[in-house]
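Novice: Before anything else, here's the structure in question.
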Amino acid sequence: MKAITKIKLDTYNCNVVFIITNDLNHQVNNIYKKLKSKDSFHGEAEGILLTLDIDNYYVLFDVCYLTHNTIAHEIYHCVVKVTEDRDISDEEAQAWLAGYLTEKMYNFVQKKKLNIVKSK
C-alpha cells in the first residue's frame, strides 16, 4: 500500500511529498535509488524525513504508526529543515508552515480514507 501527495510551497521554492506506506524501508530505499543516493535504510521507524536536496522534502509514514504524534513529529522535522535550509529562524514563519503542512496532511489522510491509529 502506498499513498502519495506532493505539496508545492511557492513561498519556499520547494515541494513537500507525503508518503504513507505499509513498507517504509522499501519506500525509503526507492527514493534513495531514484535520486541516485548511495544511502540505504534498513532500520525501524514510525516515520522519516528524507532531504537529499533543498527542492524536495520527503515525509514518509508507516501506516501502522500513523498517529497524531507521529504526524506532528515528522512535520516538525520538515518545518525545521525547510526553514533552516533557507536561513529562516522566524517562529511565526515556522508556525505558519507547520499549520499549513498539518492541514494538508490531514486532508490527504481523509481523502485516502486512512485511519489515525491510537498511540501505543
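How things are named: the first chain in the C-alpha cells is A, the next is B, and so on; residues count from 1 in each chain; ligands count from 1 in the order shown.
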Which neighbours of segment 61-65 of chain A fall inside 6 Å, counting only C-alpha atoms, when residues of the same chain fewer than 3 positions from it are skipped, and could you give them as a PyMOL selection string?

Specialist: chain A and resi 20-22+24+46-47

Novice: Save the residues we just selected, all heavy atoms, as a CSV table (one decimal), in the first residue's frame?

Specialist:
chain,number,residue,atom,x,y,z
A,20,ILE,N,2.5,7.7,2.6
A,20,ILE,CA,2.0,6.8,3.7
A,20,ILE,C,2.1,5.4,3.1
A,20,ILE,O,1.6,5.1,2.0
A,20,ILE,CB,0.6,7.1,4.1
A,20,ILE,CG1,0.5,8.5,4.6
A,20,ILE,CG2,0.1,6.1,5.2
A,20,ILE,CD1,-0.9,9.0,4.8
A,21,THR,N,2.8,4.5,3.8
A,21,THR,CA,3.1,3.2,3.2
A,21,THR,C,3.0,2.1,4.3
A,21,THR,O,3.1,2.4,5.5
A,21,THR,CB,4.5,3.2,2.5
A,21,THR,OG1,4.7,1.9,2.0
A,21,THR,CG2,5.6,3.5,3.5
A,22,ASN,N,2.9,0.8,3.8
A,22,ASN,CA,3.0,-0.3,4.7
A,22,ASN,C,4.4,-0.9,4.7
A,22,ASN,O,4.6,-2.0,5.3
A,22,ASN,CB,1.9,-1.3,4.5
A,22,ASN,CG,2.0,-1.9,3.1
A,22,ASN,OD1,2.7,-1.5,2.3
A,22,ASN,ND2,1.1,-2.9,2.9
A,24,LEU,N,7.9,0.9,4.9
A,24,LEU,CA,8.7,2.1,5.0
A,24,LEU,C,10.1,1.9,4.4
A,24,LEU,O,10.6,2.7,3.6
A,24,LEU,CB,8.7,2.6,6.4
A,24,LEU,CG,9.3,4.0,6.7
A,24,LEU,CD1,8.3,5.0,6.1
A,24,LEU,CD2,9.4,4.2,8.2
A,46,GLU,N,8.7,4.9,12.7
A,46,GLU,CA,7.3,5.1,12.5
A,46,GLU,C,7.1,6.1,11.4
A,46,GLU,O,6.1,6.1,10.7
A,46,GLU,CB,6.7,5.7,13.8
A,46,GLU,CG,6.8,4.6,14.9
A,46,GLU,CD,6.3,5.2,16.3
A,46,GLU,OE1,5.8,6.3,16.3
A,46,GLU,OE2,6.4,4.5,17.3
A,47,GLY,N,8.1,6.9,11.2
A,47,GLY,CA,8.1,7.9,10.1
A,47,GLY,C,9.5,8.4,9.9
A,47,GLY,O,10.4,8.1,10.7

Novice: Give me the residues of segment 8-61 of chain A that have any atom at most 12 Å from an atom of segment 78-98 of chain A; for each, the nearest atom pair and the distance in Å, rounded to one decimal. Use only C-alpha atoms, sort by chain and number, and format it as JSON lines.

Specialist:
{"residue": "A:Lys8", "atom": "CA", "partner": "A:Leu97", "partner_atom": "CA", "distance": 12.0}
{"residue": "A:Leu9", "atom": "CA", "partner": "A:Leu97", "partner_atom": "CA", "distance": 9.2}
{"residue": "A:Asp10", "atom": "CA", "partner": "A:Leu97", "partner_atom": "CA", "distance": 11.7}
{"residue": "A:Thr11", "atom": "CA", "partner": "A:Leu97", "partner_atom": "CA", "distance": 9.9}
{"residue": "A:Tyr12", "atom": "CA", "partner": "A:Val82", "partner_atom": "CA", "distance": 7.6}
{"residue": "A:Asn13", "atom": "CA", "partner": "A:Arg86", "partner_atom": "CA", "distance": 9.8}
{"residue": "A:Cys14", "atom": "CA", "partner": "A:Val82", "partner_atom": "CA", "distance": 8.4}
{"residue": "A:Asn15", "atom": "CA", "partner": "A:Val82", "partner_atom": "CA", "distance": 9.6}
{"residue": "A:Val16", "atom": "CA", "partner": "A:Cys78", "partner_atom": "CA", "distance": 8.3}
{"residue": "A:Val17", "atom": "CA", "partner": "A:Cys78", "partner_atom": "CA", "distance": 10.3}
{"residue": "A:Phe18", "atom": "CA", "partner": "A:Cys78", "partner_atom": "CA", "distance": 10.6}
{"residue": "A:Gly47", "atom": "CA", "partner": "A:Cys78", "partner_atom": "CA", "distance": 11.5}
{"residue": "A:Ile48", "atom": "CA", "partner": "A:Cys78", "partner_atom": "CA", "distance": 9.5}
{"residue": "A:Leu49", "atom": "CA", "partner": "A:Cys78", "partner_atom": "CA", "distance": 6.6}
{"residue": "A:Leu50", "atom": "CA", "partner": "A:Cys78", "partner_atom": "CA", "distance": 8.8}
{"residue": "A:Thr51", "atom": "CA", "partner": "A:Lys81", "partner_atom": "CA", "distance": 8.1}
{"residue": "A:Leu52", "atom": "CA", "partner": "A:Lys81", "partner_atom": "CA", "distance": 11.1}
{"residue": "A:Asp53", "atom": "CA", "partner": "A:Asp85", "partner_atom": "CA", "distance": 9.4}
{"residue": "A:Ile54", "atom": "CA", "partner": "A:Asp85", "partner_atom": "CA", "distance": 6.8}
{"residue": "A:Asp55", "atom": "CA", "partner": "A:Val82", "partner_atom": "CA", "distance": 9.2}
{"residue": "A:Asn56", "atom": "CA", "partner": "A:Val82", "partner_atom": "CA", "distance": 9.3}
{"residue": "A:Tyr57", "atom": "CA", "partner": "A:Cys78", "partner_atom": "CA", "distance": 7.1}
{"residue": "A:Tyr58", "atom": "CA", "partner": "A:Cys78", "partner_atom": "CA", "distance": 8.4}
{"residue": "A:Val59", "atom": "CA", "partner": "A:Cys78", "partner_atom": "CA", "distance": 7.3}
{"residue": "A:Leu60", "atom": "CA", "partner": "A:Cys78", "partner_atom": "CA", "distance": 10.7}

Novice: Identify, on the basis of only C-alpha atoms, every residue whose closest approach to His42 of chain A does not exceed 10 Å; exclude the query and any residue fewer than 2 positions from it along the same chain; express the result as an MDAnalysis selection string.

Specialist: chainID A and resid 24:26 28:29 40 44:45

Novice: Please save all heavy atoms of the selected residues as an mmCIF file, in the first residue's frame.

Specialist:
data_model
loop_
_atom_site.group_PDB
_atom_site.id
_atom_site.type_symbol
_atom_site.label_atom_id
_atom_site.label_comp_id
_atom_site.auth_asym_id
_atom_site.auth_seq_id
_atom_site.Cartn_x
_atom_site.Cartn_y
_atom_site.Cartn_z
ATOM 1 N N LEU A 24 7.864 0.881 4.865
ATOM 2 C CA LEU A 24 8.683 2.091 4.966
ATOM 3 C C LEU A 24 10.088 1.880 4.409
ATOM 4 O O LEU A 24 10.575 2.709 3.640
ATOM 5 C CB LEU A 24 8.741 2.553 6.424
ATOM 6 C CG LEU A 24 9.256 3.960 6.672
ATOM 7 C CD1 LEU A 24 8.334 4.997 6.065
ATOM 8 C CD2 LEU A 24 9.414 4.200 8.155
ATOM 9 N N ASN A 25 10.729 0.780 4.761
ATOM 10 C CA ASN A 25 12.091 0.518 4.270
ATOM 11 C C ASN A 25 12.135 0.523 2.749
ATOM 12 O O ASN A 25 13.019 1.133 2.146
ATOM 13 C CB ASN A 25 12.619 -0.823 4.793
ATOM 14 C CG ASN A 25 13.008 -0.775 6.243
ATOM 15 O OD1 ASN A 25 13.138 0.290 6.831
ATOM 16 N ND2 ASN A 25 13.176 -1.934 6.839
ATOM 17 N N HIS A 26 11.197 -0.164 2.137
ATOM 18 C CA HIS A 26 11.162 -0.245 0.674
ATOM 19 C C HIS A 26 10.990 1.137 0.044
ATOM 20 O O HIS A 26 11.695 1.484 -0.908
ATOM 21 C CB HIS A 26 10.035 -1.186 0.240
ATOM 22 C CG HIS A 26 9.885 -1.315 -1.231
ATOM 23 N ND1 HIS A 26 10.779 -2.009 -2.013
ATOM 24 C CD2 HIS A 26 8.943 -0.828 -2.071
ATOM 25 C CE1 HIS A 26 10.395 -1.946 -3.273
ATOM 26 N NE2 HIS A 26 9.275 -1.227 -3.331
ATOM 27 N N VAL A 28 11.625 4.154 1.352
ATOM 28 C CA VAL A 28 12.805 4.993 1.583
ATOM 29 C C VAL A 28 13.910 4.605 0.606
ATOM 30 O O VAL A 28 14.524 5.464 -0.039
ATOM 31 C CB VAL A 28 13.295 4.872 3.046
ATOM 32 C CG1 VAL A 28 14.660 5.524 3.217
ATOM 33 C CG2 VAL A 28 12.282 5.489 3.997
ATOM 34 N N ASN A 29 14.155 3.319 0.473
ATOM 35 C CA ASN A 29 15.219 2.871 -0.431
ATOM 36 C C ASN A 29 14.891 3.151 -1.891
ATOM 37 O O ASN A 29 15.798 3.426 -2.688
ATOM 38 C CB ASN A 29 15.549 1.402 -0.182
ATOM 39 C CG ASN A 29 16.286 1.235 1.132
ATOM 40 O OD1 ASN A 29 17.205 1.988 1.443
ATOM 41 N ND2 ASN A 29 15.866 0.276 1.936
ATOM 42 N N SER A 40 21.232 3.967 2.197
ATOM 43 C CA SER A 40 20.193 2.942 2.283
ATOM 44 C C SER A 40 19.631 2.961 3.700
ATOM 45 O O SER A 40 20.269 3.465 4.626
ATOM 46 C CB SER A 40 20.735 1.565 1.926
ATOM 47 O OG SER A 40 21.707 1.160 2.871
ATOM 48 N N GLU A 44 14.231 0.594 11.802
ATOM 49 C CA GLU A 44 12.822 0.640 12.173
ATOM 50 C C GLU A 44 12.466 2.081 12.490
ATOM 51 O O GLU A 44 13.222 2.777 13.158
ATOM 52 C CB GLU A 44 12.566 -0.239 13.385
ATOM 53 C CG GLU A 44 12.710 -1.714 13.093
ATOM 54 C CD GLU A 44 12.346 -2.562 14.290
ATOM 55 O OE1 GLU A 44 11.536 -2.109 15.120
ATOM 56 O OE2 GLU A 44 12.885 -3.668 14.382
ATOM 57 N N ALA A 45 11.329 2.511 11.984
ATOM 58 C CA ALA A 45 10.874 3.873 12.232
ATOM 59 C C ALA A 45 9.367 3.937 12.026
ATOM 60 O O ALA A 45 8.809 3.155 11.257
ATOM 61 C CB ALA A 45 11.568 4.852 11.299
#

Novice: Determine which residues of segment 42-116 of chain A receive a DSSP assignment of alpha helix (DSSP H), computed from the backbone, and state them as a ChimeraX atom specification.

Specialist: /A:68-85,91-111
